[in-house]
$ cat upload-v8.cif   # mmCIF, C-alpha atoms
data_run
#
loop_
_atom_site.group_PDB
_atom_site.id
_atom_site.type_symbol
_atom_site.label_atom_id
_atom_site.label_comp_id
_atom_site.auth_asym_id
_atom_site.auth_seq_id
_atom_site.Cartn_x
_atom_site.Cartn_y
_atom_site.Cartn_z
ATOM 1 C CA MET A 1 99.406 105.926 86.365
ATOM 2 C CA LEU A 2 101.556 103.793 84.080
ATOM 3 C CA ILE A 3 104.907 105.319 83.082
ATOM 4 C CA ASP A 4 106.632 103.312 80.361
ATOM 5 C CA ASP A 5 107.891 104.106 76.869
ATOM 6 C CA GLU A 6 107.208 100.606 75.503
ATOM 7 C CA ILE A 7 103.794 100.561 73.869
ATOM 8 C CA GLN A 8 103.486 96.763 74.140
ATOM 9 C CA ILE A 9 103.944 96.870 77.925
ATOM 10 C CA ARG A 10 101.466 99.725 78.266
ATOM 11 C CA ARG A 11 98.852 97.865 76.214
ATOM 12 C CA LEU A 12 99.315 94.684 78.232
ATOM 13 C CA LEU A 13 99.077 96.397 81.580
ATOM 14 C CA ARG A 14 96.210 98.669 80.583
ATOM 15 C CA VAL A 15 94.097 95.665 79.614
ATOM 16 C CA ALA A 16 94.951 93.841 82.840
ATOM 17 C CA LEU A 17 94.383 96.867 85.064
ATOM 18 C CA GLU A 18 91.135 97.974 83.457
ATOM 19 C CA LYS A 19 89.839 94.427 83.722
ATOM 20 C CA GLU A 20 90.318 94.765 87.492
ATOM 21 C CA GLY A 21 88.377 98.036 87.537
ATOM 22 C CA TYR A 22 91.264 100.508 87.620
ATOM 23 C CA ARG A 23 91.283 103.726 85.623
ATOM 24 C CA VAL A 24 94.628 103.968 83.832
ATOM 25 C CA GLU A 25 96.541 107.071 82.741
ATOM 26 C CA GLU A 26 99.753 106.747 80.718
ATOM 27 C CA ALA A 27 102.992 108.689 80.354
ATOM 28 C CA ILE A 28 106.022 107.909 78.184
ATOM 29 C CA SER A 29 108.736 110.188 79.606
ATOM 30 C CA VAL A 30 109.783 111.858 82.844
ATOM 31 C CA ASP A 31 108.567 115.314 81.822
ATOM 32 C CA ASP A 32 105.269 113.920 80.548
ATOM 33 C CA ALA A 33 104.807 111.936 83.765
ATOM 34 C CA LEU A 34 105.594 114.852 86.084
ATOM 35 C CA SER A 35 103.080 117.158 84.446
ATOM 36 C CA LYS A 36 100.361 114.515 84.542
ATOM 37 C CA VAL A 37 101.076 113.407 88.127
ATOM 38 C CA TYR A 38 100.690 116.916 89.519
ATOM 39 C CA MET A 39 97.520 117.445 87.517
ATOM 40 C CA LEU A 40 95.811 114.059 87.990
ATOM 41 C CA ARG A 41 97.064 112.991 91.457
ATOM 42 C CA PRO A 42 96.954 109.226 90.798
ATOM 43 C CA ASP A 43 96.468 106.744 93.641
ATOM 44 C CA SER A 44 99.555 104.759 92.625
ATOM 45 C CA ILE A 45 102.265 104.715 89.972
ATOM 46 C CA ILE A 46 103.880 101.912 87.972
ATOM 47 C CA LEU A 47 107.281 103.179 86.830
ATOM 48 C CA ASP A 48 109.686 101.677 84.311
ATOM 49 C CA LEU A 49 113.262 102.831 84.941
ATOM 50 C CA GLY A 50 114.382 102.659 81.309
ATOM 51 C CA LEU A 51 112.754 105.860 80.107
ATOM 52 C CA PRO A 52 114.202 107.930 77.231
ATOM 53 C CA GLU A 53 116.401 110.982 77.941
ATOM 54 C CA LYS A 54 115.828 111.032 81.715
ATOM 55 C CA GLY A 55 115.597 107.740 83.598
ATOM 56 C CA GLY A 56 112.969 106.696 86.089
ATOM 57 C CA GLU A 57 115.325 107.556 88.961
ATOM 58 C CA GLU A 58 114.973 111.231 87.999
ATOM 59 C CA PHE A 59 111.188 110.952 88.234
ATOM 60 C CA LEU A 60 111.421 109.390 91.714
ATOM 61 C CA LYS A 61 113.771 112.121 92.867
ATOM 62 C CA LYS A 62 111.498 114.895 91.604
ATOM 63 C CA ILE A 63 108.237 113.680 93.123
ATOM 64 C CA ARG A 64 109.804 112.792 96.480
ATOM 65 C CA GLU A 65 111.506 116.193 96.654
ATOM 66 C CA SER A 66 108.071 117.731 96.101
ATOM 67 C CA GLY A 67 106.759 115.915 99.177
ATOM 68 C CA SER A 68 104.494 113.551 97.251
ATOM 69 C CA LYS A 69 103.766 110.241 99.004
ATOM 70 C CA ILE A 70 102.032 108.551 96.069
ATOM 71 C CA PRO A 71 103.097 104.882 96.209
ATOM 72 C CA VAL A 72 105.439 103.895 93.372
ATOM 73 C CA LEU A 73 106.023 100.374 92.086
ATOM 74 C CA VAL A 74 109.202 100.168 90.003
ATOM 75 C CA LEU A 75 109.620 97.775 87.094
ATOM 76 C CA SER A 76 113.270 96.968 86.476
ATOM 77 C CA VAL A 77 115.580 94.397 84.913
ATOM 78 C CA ARG A 78 117.967 95.036 87.814
ATOM 79 C CA ASP A 79 117.797 92.350 90.462
ATOM 80 C CA SER A 80 120.829 92.824 92.722
ATOM 81 C CA GLU A 81 120.342 93.809 96.371
ATOM 82 C CA LYS A 82 122.473 96.916 95.763
ATOM 83 C CA ASP A 83 120.132 98.080 93.002
ATOM 84 C CA LYS A 84 117.062 97.372 95.133
ATOM 85 C CA ILE A 85 118.473 99.407 98.013
ATOM 86 C CA PHE A 86 119.232 102.262 95.620
ATOM 87 C CA LEU A 87 115.650 102.224 94.320
ATOM 88 C CA LEU A 88 114.193 102.282 97.820
ATOM 89 C CA ASP A 89 116.529 105.117 98.803
ATOM 90 C CA SER A 90 115.369 106.983 95.701
ATOM 91 C CA GLY A 91 111.750 106.824 96.845
ATOM 92 C CA ALA A 92 110.315 103.577 95.475
ATOM 93 C CA ASP A 93 107.832 101.709 97.669
ATOM 94 C CA ASP A 94 108.229 98.345 95.960
ATOM 95 C CA TYR A 95 109.921 96.820 92.926
ATOM 96 C CA LEU A 96 109.237 94.039 90.493
ATOM 97 C CA THR A 97 111.938 92.501 88.345
ATOM 98 C CA LYS A 98 111.350 91.967 84.631
ATOM 99 C CA PRO A 99 110.087 89.653 83.289
ATOM 100 C CA PHE A 100 107.146 89.585 85.703
ATOM 101 C CA GLY A 101 103.749 87.966 86.034
ATOM 102 C CA VAL A 102 100.708 90.221 85.672
ATOM 103 C CA GLY A 103 99.031 88.475 88.598
ATOM 104 C CA GLU A 104 101.904 89.336 90.932
ATOM 105 C CA LEU A 105 101.954 92.936 89.718
ATOM 106 C CA LEU A 106 98.236 93.286 90.451
ATOM 107 C CA ALA A 107 98.733 91.824 93.927
ATOM 108 C CA ARG A 108 101.519 94.289 94.681
ATOM 109 C CA ILE A 109 99.370 97.210 93.535
ATOM 110 C CA ARG A 110 96.587 96.087 95.870
ATOM 111 C CA VAL A 111 99.094 96.021 98.737
ATOM 112 C CA LEU A 112 100.355 99.543 97.954
ATOM 113 C CA LEU A 113 96.828 100.928 97.770
ATOM 114 C CA ARG A 114 95.864 99.185 101.002
ATOM 115 C CA HIS A 115 98.890 100.599 102.810
ATOM 116 C CA SER A 116 98.330 104.128 101.528
ATOM 117 C CA SER A 117 94.604 104.279 102.380
ATOM 118 C CA PRO A 118 93.521 106.576 105.252
ATOM 119 C CA GLU A 119 93.662 105.188 108.782
ATOM 120 C CA LYS A 120 90.451 104.860 110.789
ATOM 121 C CA THR A 121 92.018 105.254 114.216
ATOM 122 C CA ASP A 122 93.658 108.023 116.231
ATOM 123 C CA VAL A 123 95.910 105.706 118.226
ATOM 124 C CA LYS A 124 99.394 106.980 119.039
ATOM 125 C CA VAL A 125 102.290 104.763 120.064
ATOM 126 C CA ARG A 126 105.459 106.032 121.749
ATOM 127 C CA ILE A 127 108.705 104.047 121.681
ATOM 128 C CA GLY A 128 111.539 105.983 123.264
ATOM 129 C CA LEU A 129 111.900 109.223 121.305
ATOM 130 C CA LEU A 130 109.788 107.826 118.459
ATOM 131 C CA GLU A 131 106.037 108.460 118.103
ATOM 132 C CA LEU A 132 103.697 106.766 115.608
ATOM 133 C CA ASP A 133 100.376 108.476 114.953
ATOM 134 C CA PHE A 134 98.053 105.995 113.240
ATOM 135 C CA GLY A 135 95.475 108.691 112.532
ATOM 136 C CA THR A 136 97.734 111.004 110.539
ATOM 137 C CA ARG A 137 100.113 108.234 109.389
ATOM 138 C CA LYS A 138 102.995 110.305 110.708
ATOM 139 C CA VAL A 139 106.113 109.088 112.481
ATOM 140 C CA LEU A 140 107.972 111.602 114.632
ATOM 141 C CA LYS A 141 111.530 111.306 115.926
ATOM 142 C CA GLU A 142 112.264 113.752 118.727
ATOM 143 C CA GLY A 143 109.294 115.800 117.520
ATOM 144 C CA ARG A 144 110.377 115.938 113.878
ATOM 145 C CA GLU A 145 108.547 114.063 111.149
ATOM 146 C CA VAL A 146 110.345 111.083 109.630
ATOM 147 C CA ARG A 147 109.555 110.691 105.941
ATOM 148 C CA LEU A 148 108.666 107.058 105.273
ATOM 149 C CA THR A 149 107.310 105.290 102.217
ATOM 150 C CA PRO A 150 103.860 103.659 102.611
ATOM 151 C CA THR A 151 105.469 100.224 102.910
ATOM 152 C CA GLU A 152 107.998 101.400 105.503
ATOM 153 C CA TYR A 153 105.175 102.957 107.513
ATOM 154 C CA SER A 154 103.111 99.764 107.305
ATOM 155 C CA PHE A 155 106.126 97.745 108.503
ATOM 156 C CA LEU A 156 106.535 99.974 111.570
ATOM 157 C CA LYS A 157 102.798 100.074 112.227
ATOM 158 C CA LEU A 158 102.612 96.278 112.231
ATOM 159 C CA LEU A 159 105.428 96.025 114.771
ATOM 160 C CA ALA A 160 104.020 98.906 116.839
ATOM 161 C CA THR A 161 100.778 96.969 117.217
ATOM 162 C CA TYR A 162 102.762 94.470 119.325
ATOM 163 C CA PRO A 163 105.324 96.629 121.199
ATOM 164 C CA GLY A 164 108.048 94.560 122.796
ATOM 165 C CA LYS A 165 106.806 91.372 121.136
ATOM 166 C CA ILE A 166 108.473 89.548 118.256
ATOM 167 C CA VAL A 167 106.638 89.560 114.937
ATOM 168 C CA THR A 168 107.892 86.679 112.813
ATOM 169 C CA GLN A 169 109.368 87.094 109.346
ATOM 170 C CA THR A 170 106.560 84.966 107.911
ATOM 171 C CA GLN A 171 103.872 87.130 109.500
ATOM 172 C CA ILE A 172 105.479 90.348 108.271
ATOM 173 C CA LEU A 173 105.886 89.066 104.715
ATOM 174 C CA LYS A 174 102.310 87.791 104.642
ATOM 175 C CA GLU A 175 100.885 91.088 105.937
ATOM 176 C CA LEU A 176 102.959 93.371 103.714
ATOM 177 C CA TRP A 177 103.381 91.410 100.477
ATOM 178 C CA GLY A 178 100.786 88.650 100.557
ATOM 179 C CA PRO A 179 100.781 84.910 101.330
ATOM 180 C CA ASN A 180 102.878 83.974 98.288
ATOM 181 C CA GLN A 181 105.923 85.958 99.419
ATOM 182 C CA THR A 182 106.600 84.279 102.772
ATOM 183 C CA ALA A 183 109.975 82.925 101.640
ATOM 184 C CA GLU A 184 111.366 86.298 100.498
ATOM 185 C CA SER A 185 113.243 87.240 103.684
ATOM 186 C CA GLY A 186 115.565 89.410 101.574
ATOM 187 C CA TYR A 187 112.738 91.968 101.344
ATOM 188 C CA LEU A 188 112.816 92.393 105.105
ATOM 189 C CA ARG A 189 116.554 92.947 105.375
ATOM 190 C CA VAL A 190 116.392 95.683 102.750
ATOM 191 C CA TYR A 191 113.448 97.480 104.391
ATOM 192 C CA VAL A 192 114.818 97.127 107.912
ATOM 193 C CA ASN A 193 118.109 98.697 106.807
ATOM 194 C CA GLN A 194 116.290 101.646 105.235
ATOM 195 C CA ILE A 195 114.014 102.196 108.242
ATOM 196 C CA ARG A 196 116.906 102.067 110.710
ATOM 197 C CA LYS A 197 118.699 104.794 108.765
ATOM 198 C CA LYS A 198 115.667 107.003 109.366
ATOM 199 C CA ILE A 199 114.711 106.235 112.985
ATOM 200 C CA GLU A 200 117.873 105.100 114.796
ATOM 201 C CA LYS A 201 120.611 107.315 116.202
ATOM 202 C CA ASP A 202 123.130 104.659 115.173
ATOM 203 C CA PRO A 203 121.680 102.264 112.555
ATOM 204 C CA SER A 204 124.549 99.827 113.101
ATOM 205 C CA ASN A 205 123.604 99.544 116.800
ATOM 206 C CA PRO A 206 119.787 99.759 116.777
ATOM 207 C CA GLU A 207 117.924 100.625 119.959
ATOM 208 C CA ILE A 208 114.372 100.759 118.559
ATOM 209 C CA LEU A 209 113.945 98.258 115.711
ATOM 210 C CA ILE A 210 115.476 95.040 116.992
ATOM 211 C CA THR A 211 116.267 91.805 115.141
ATOM 212 C CA GLU A 212 115.606 88.425 116.730
ATOM 213 C CA PRO A 213 117.992 86.318 114.614
ATOM 214 C CA GLY A 214 116.248 83.646 112.583
ATOM 215 C CA VAL A 215 112.829 84.595 113.974
ATOM 216 C CA GLY A 216 111.693 88.131 113.208
ATOM 217 C CA TYR A 217 111.694 91.715 114.472
ATOM 218 C CA PHE A 218 110.243 93.798 117.276
ATOM 219 C CA LEU A 219 110.087 97.382 118.527
ATOM 220 C CA ARG A 220 111.663 97.809 121.925
ATOM 221 C CA SER A 221 109.009 98.504 124.547
ATOM 222 C CA ASN A 222 109.146 101.555 126.810
ATOM 223 C CA GLU A 223 108.488 99.316 129.799
#
$ encode --input "upload-v8.cif" --output "structure tokens"
Amino acid sequence: MLIDDEIQIRRLLRVALEKEGYRVEEAISVDDALSKVYMLRPDSIILDLGLPEKGGEEFLKKIRESGSKIPVLVLSVRDSEKDKIFLLDSGADDYLTKPFGVGELLARIRVLLRHSSPEKTDVKVRIGLLELDFGTRKVLKEGREVRLTPTEYSFLKLLATYPGKIVTQTQILKELWGPNQTAESGYLRVYVNQIRKKIEKDPSNPEILITEPGVGYFLRSNE
């Protein structure tokens, strides 16, 4: 689903998306988008923040409050780290700053869809009081479900595959955002901060998601 009030942007993206085989639905306002999302259940959403009357932040708030985990890619002219953190806190799974390249947008959509697809394994990993269930895509902290975005879940799942071992920044960026994003270490700092707020008792003194300065990250092993 494409949510944008600019007809030129919608036309451009519709052509590009349909060329790649996607079926595209459009919405031009928050109310229009909410009614269509609940009716159509799209696989992913491209959301422009500059919507009339109610902004895109209101849309994110509404669908996340409803429990929806549909991956959302935000389009925004904002490019500061503070704004990016706000968007992720509001429920976005990824963001792309305007102006953007259509090729990069398509790549990011493929990543979101790949991360949100059903798992084919029933493996469970325990790290302290944290449990990751690859089959249900659920993360539990002391028995209670932690609500993660698809990208946050994929980040933890990648590290949980190698418990106690360092996964390099380059490897994480390549797995989560593709081979052309291996220099964007700022992505990792933002996501790590958000994940720690959700899984750590004290995010400022992490005991689960550990940083190896200048190298990468790892999940502390139970051993």
$ residues_near_point --input "upload-v8.cif" --point "(101.7, 98.6, 94.8)" --cutoff "9 Å" --atoms "all atoms listed in the file" --output "list in words"
Ser44, Ile45, Ile46, Pro71, Val72, Leu73, Asp93, Asp94, Tyr95, Leu105, Leu106, Ala107, Arg108, Ile109, Arg110, Val111, Leu112, Leu113, Arg114 and His115 of chain A
$ write_last_selection --input "upload-v8.cif" --atoms "C-alpha atoms" --output "PDB file, keeping the file's coordinate frame"
ATOM      1  CA  SER A  44      99.555 104.759  92.625  1.00  0.00           C
ATOM      2  CA  ILE A  45     102.265 104.715  89.972  1.00  0.00           C
ATOM      3  CA  ILE A  46     103.880 101.912  87.972  1.00  0.00           C
ATOM      4  CA  PRO A  71     103.097 104.882  96.209  1.00  0.00           C
ATOM      5  CA  VAL A  72     105.439 103.895  93.372  1.00  0.00           C
ATOM      6  CA  LEU A  73     106.023 100.374  92.086  1.00  0.00           C
ATOM      7  CA  ASP A  93     107.832 101.709  97.669  1.00  0.00           C
ATOM      8  CA  ASP A  94     108.229  98.345  95.960  1.00  0.00           C
ATOM      9  CA  TYR A  95     109.921  96.820  92.926  1.00  0.00           C
ATOM     10  CA  LEU A 105     101.954  92.936  89.718  1.00  0.00           C
ATOM     11  CA  LEU A 106      98.236  93.286  90.451  1.00  0.00           C
ATOM     12  CA  ALA A 107      98.733  91.824  93.927  1.00  0.00           C
ATOM     13  CA  ARG A 108     101.519  94.289  94.681  1.00  0.00           C
ATOM     14  CA  ILE A 109      99.370  97.210  93.535  1.00  0.00           C
ATOM     15  CA  ARG A 110      96.587  96.087  95.870  1.00  0.00           C
ATOM     16  CA  VAL A 111      99.094  96.021  98.737  1.00  0.00           C
ATOM     17  CA  LEU A 112     100.355  99.543  97.954  1.00  0.00           C
ATOM     18  CA  LEU A 113      96.828 100.928  97.770  1.00  0.00           C
ATOM     19  CA  ARG A 114      95.864  99.185 101.002  1.00  0.00           C
ATOM     20  CA  HIS A 115      98.890 100.599 102.810  1.00  0.00           C
TER      21      HIS A 115
END
$ residues_near_point --input "upload-v8.cif" --point "(114.3, 97.8, 91.3)" --cutoff "7 Å" --atoms "only C-alpha atoms" --output "list in words"
Val74, Leu75, Ser76, Arg78, Asp79, Asp83, Lys84, Leu87, Tyr95, Leu96 and Thr97 of chain A
$ closest_residue --input "upload-v8.cif" --among "A:Met1, A:Ala33, A:Met39, A:Ile172" --to "Tyr191 of chain A" --atoms "only C-alpha atoms"
A:Ile172
$ residues_around --input "upload-v8.cif" --residues "segment 187-189 of chain A" --least-positions-apart "5" --cutoff "9 Å" --atoms "all atoms listed in the file" --output "CSV table (one decimal) with C-alpha atoms, keeping the file's coordinate frame"
chain,number,residue,atom,x,y,z
A,169,GLN,CA,109.4,87.1,109.3
A,172,ILE,CA,105.5,90.3,108.3
A,173,LEU,CA,105.9,89.1,104.7
A,194,GLN,CA,116.3,101.6,105.2
$ closest_residue --input "upload-v8.cif" --among "A:Pro203, A:Gly216, A:Gly67, A:Pro163" --to "Arg147 of chain A" --atoms "only C-alpha atoms"
A:Gly67
$ residues_around --input "upload-v8.cif" --residues "Lys141 of chain A" --least-positions-apart "6" --cutoff "12 Å" --atoms "only C-alpha atoms" --output "PDB file with C-alpha atoms, in the frame of the given file"
ATOM      1  CA  ARG A 126     105.459 106.032 121.749  1.00  0.00           C
ATOM      2  CA  ILE A 127     108.705 104.047 121.681  1.00  0.00           C
ATOM      3  CA  GLY A 128     111.539 105.983 123.264  1.00  0.00           C
ATOM      4  CA  LEU A 129     111.900 109.223 121.305  1.00  0.00           C
ATOM      5  CA  LEU A 130     109.788 107.826 118.459  1.00  0.00           C
ATOM      6  CA  GLU A 131     106.037 108.460 118.103  1.00  0.00           C
ATOM      7  CA  LEU A 132     103.697 106.766 115.608  1.00  0.00           C
ATOM      8  CA  ASP A 133     100.376 108.476 114.953  1.00  0.00           C
ATOM      9  CA  ARG A 147     109.555 110.691 105.941  1.00  0.00           C
ATOM     10  CA  LEU A 148     108.666 107.058 105.273  1.00  0.00           C
ATOM     11  CA  ARG A 196     116.906 102.067 110.710  1.00  0.00           C
ATOM     12  CA  LYS A 198     115.667 107.003 109.366  1.00  0.00           C
ATOM     13  CA  ILE A 199     114.711 106.235 112.985  1.00  0.00           C
ATOM     14  CA  GLU A 200     117.873 105.100 114.796  1.00  0.00           C
ATOM     15  CA  LYS A 201     120.611 107.315 116.202  1.00  0.00           C
ATOM     16  CA  ILE A 208     114.372 100.759 118.559  1.00  0.00           C
TER      17      ILE A 208
END
$ residues_around --input "upload-v8.cif" --residues "Arg23 of chain A" --least-positions-apart "3" --cutoff "9 Å" --atoms "all atoms listed in the file" --output "NGL selection string"
:A and (1 or 14 or 17-18)
$ closest_residue --input "upload-v8.cif" --among "A:Asn205, A:Leu60, A:Lys174, A:Gly164" --to "Tyr217 of chain A" --atoms "only C-alpha atoms"
A:Gly164
$ resolve_selection --input "upload-v8.cif" --expression "the PyMOL selection byres ((chain A and resi 156) around 10)" --output "PyMOL selection string"
chain A and resi 132+139+148+151-155+157-161+192+195+209+218-219
$ atom_distance --input "upload-v8.cif" --atom1 "atom CA of Glu104 of chain A" --atom2 "atom CA of Asp5 of chain A"
21.3 Å
$ atom_distance --input "upload-v8.cif" --atom1 "atom CA of Asp31 of chain A" --atom2 "atom CA of Thr149 of chain A"
22.8 Å
$ build_atoms --input "upload-v8.cif" --residues "segment 136-160 of chain A" --atoms "N, CA, C and O atoms" --output "CSV table (one decimal), in the coordinates of the input"
chain,number,residue,atom,x,y,z
A,136,THR,N,97.2,110.2,111.6
A,136,THR,CA,97.7,111.0,110.5
A,136,THR,C,98.8,110.3,109.7
A,136,THR,O,99.3,110.8,108.7
A,137,ARG,N,99.1,109.0,110.1
A,137,ARG,CA,100.1,108.2,109.4
A,137,ARG,C,101.5,108.9,109.5
A,137,ARG,O,102.3,108.8,108.6
A,138,LYS,N,101.7,109.6,110.5
A,138,LYS,CA,103.0,110.3,110.7
A,138,LYS,C,103.8,109.6,111.7
A,138,LYS,O,103.3,109.0,112.7
A,139,VAL,N,105.1,109.6,111.5
A,139,VAL,CA,106.1,109.1,112.5
A,139,VAL,C,107.0,110.2,112.9
A,139,VAL,O,107.6,110.9,112.0
A,140,LEU,N,107.2,110.5,114.1
A,140,LEU,CA,108.0,111.6,114.6
A,140,LEU,C,109.2,111.1,115.4
A,140,LEU,O,109.0,110.2,116.2
A,141,LYS,N,110.3,111.6,115.2
A,141,LYS,CA,111.5,111.3,115.9
A,141,LYS,C,112.0,112.6,116.6
A,141,LYS,O,112.3,113.5,116.0
A,142,GLU,N,111.9,112.6,117.9
A,142,GLU,CA,112.3,113.8,118.7
A,142,GLU,C,111.5,115.0,118.3
A,142,GLU,O,112.0,116.1,118.2
A,143,GLY,N,110.2,114.7,117.9
A,143,GLY,CA,109.3,115.8,117.5
A,143,GLY,C,109.3,116.2,116.1
A,143,GLY,O,108.5,117.0,115.6
A,144,ARG,N,110.3,115.6,115.3
A,144,ARG,CA,110.4,115.9,113.9
A,144,ARG,C,109.9,114.8,113.0
A,144,ARG,O,110.2,113.6,113.3
A,145,GLU,N,109.1,115.1,112.0
A,145,GLU,CA,108.5,114.1,111.1
A,145,GLU,C,109.6,113.3,110.4
A,145,GLU,O,110.5,113.9,109.8
A,146,VAL,N,109.5,112.0,110.4
A,146,VAL,CA,110.3,111.1,109.6
A,146,VAL,C,109.6,110.7,108.3
A,146,VAL,O,108.5,110.2,108.4
A,147,ARG,N,110.2,111.0,107.2
A,147,ARG,CA,109.6,110.7,105.9
A,147,ARG,C,109.7,109.2,105.6
A,147,ARG,O,110.9,108.8,105.3
A,148,LEU,N,108.6,108.5,105.6
A,148,LEU,CA,108.7,107.1,105.3
A,148,LEU,C,107.8,106.8,104.0
A,148,LEU,O,106.9,107.5,103.8
A,149,THR,N,108.2,105.7,103.3
A,149,THR,CA,107.3,105.3,102.2
A,149,THR,C,106.1,104.6,102.8
A,149,THR,O,106.1,104.2,104.0
A,150,PRO,N,105.0,104.4,102.1
A,150,PRO,CA,103.9,103.7,102.6
A,150,PRO,C,104.2,102.3,103.1
A,150,PRO,O,103.7,101.8,104.2
A,151,THR,N,105.1,101.6,102.5
A,151,THR,CA,105.5,100.2,102.9
A,151,THR,C,106.3,100.3,104.2
A,151,THR,O,106.1,99.5,105.1
A,152,GLU,N,107.2,101.2,104.3
A,152,GLU,CA,108.0,101.4,105.5
A,152,GLU,C,107.1,101.7,106.7
A,152,GLU,O,107.3,101.2,107.8
A,153,TYR,N,106.1,102.6,106.4
A,153,TYR,CA,105.2,103.0,107.5
A,153,TYR,C,104.4,101.7,108.0
A,153,TYR,O,104.2,101.5,109.1
A,154,SER,N,103.9,101.0,107.0
A,154,SER,CA,103.1,99.8,107.3
A,154,SER,C,103.9,98.7,108.1
A,154,SER,O,103.4,98.1,109.0
A,155,PHE,N,105.2,98.6,107.8
A,155,PHE,CA,106.1,97.7,108.5
A,155,PHE,C,106.2,98.2,110.0
A,155,PHE,O,106.0,97.4,110.9
A,156,LEU,N,106.4,99.5,110.2
A,156,LEU,CA,106.5,100.0,111.6
A,156,LEU,C,105.2,99.9,112.3
A,156,LEU,O,105.2,99.5,113.5
A,157,LYS,N,104.1,100.1,111.6
A,157,LYS,CA,102.8,100.1,112.2
A,157,LYS,C,102.5,98.7,112.7
A,157,LYS,O,101.9,98.4,113.8
A,158,LEU,N,102.8,97.7,111.9
A,158,LEU,CA,102.6,96.3,112.2
A,158,LEU,C,103.4,95.9,113.5
A,158,LEU,O,102.8,95.3,114.4
A,159,LEU,N,104.6,96.3,113.6
A,159,LEU,CA,105.4,96.0,114.8
A,159,LEU,C,104.9,96.8,116.0
A,159,LEU,O,104.9,96.3,117.1
A,160,ALA,N,104.5,98.1,115.7
A,160,ALA,CA,104.0,98.9,116.8
A,160,ALA,C,102.7,98.4,117.4
A,160,ALA,O,102.4,98.7,118.6
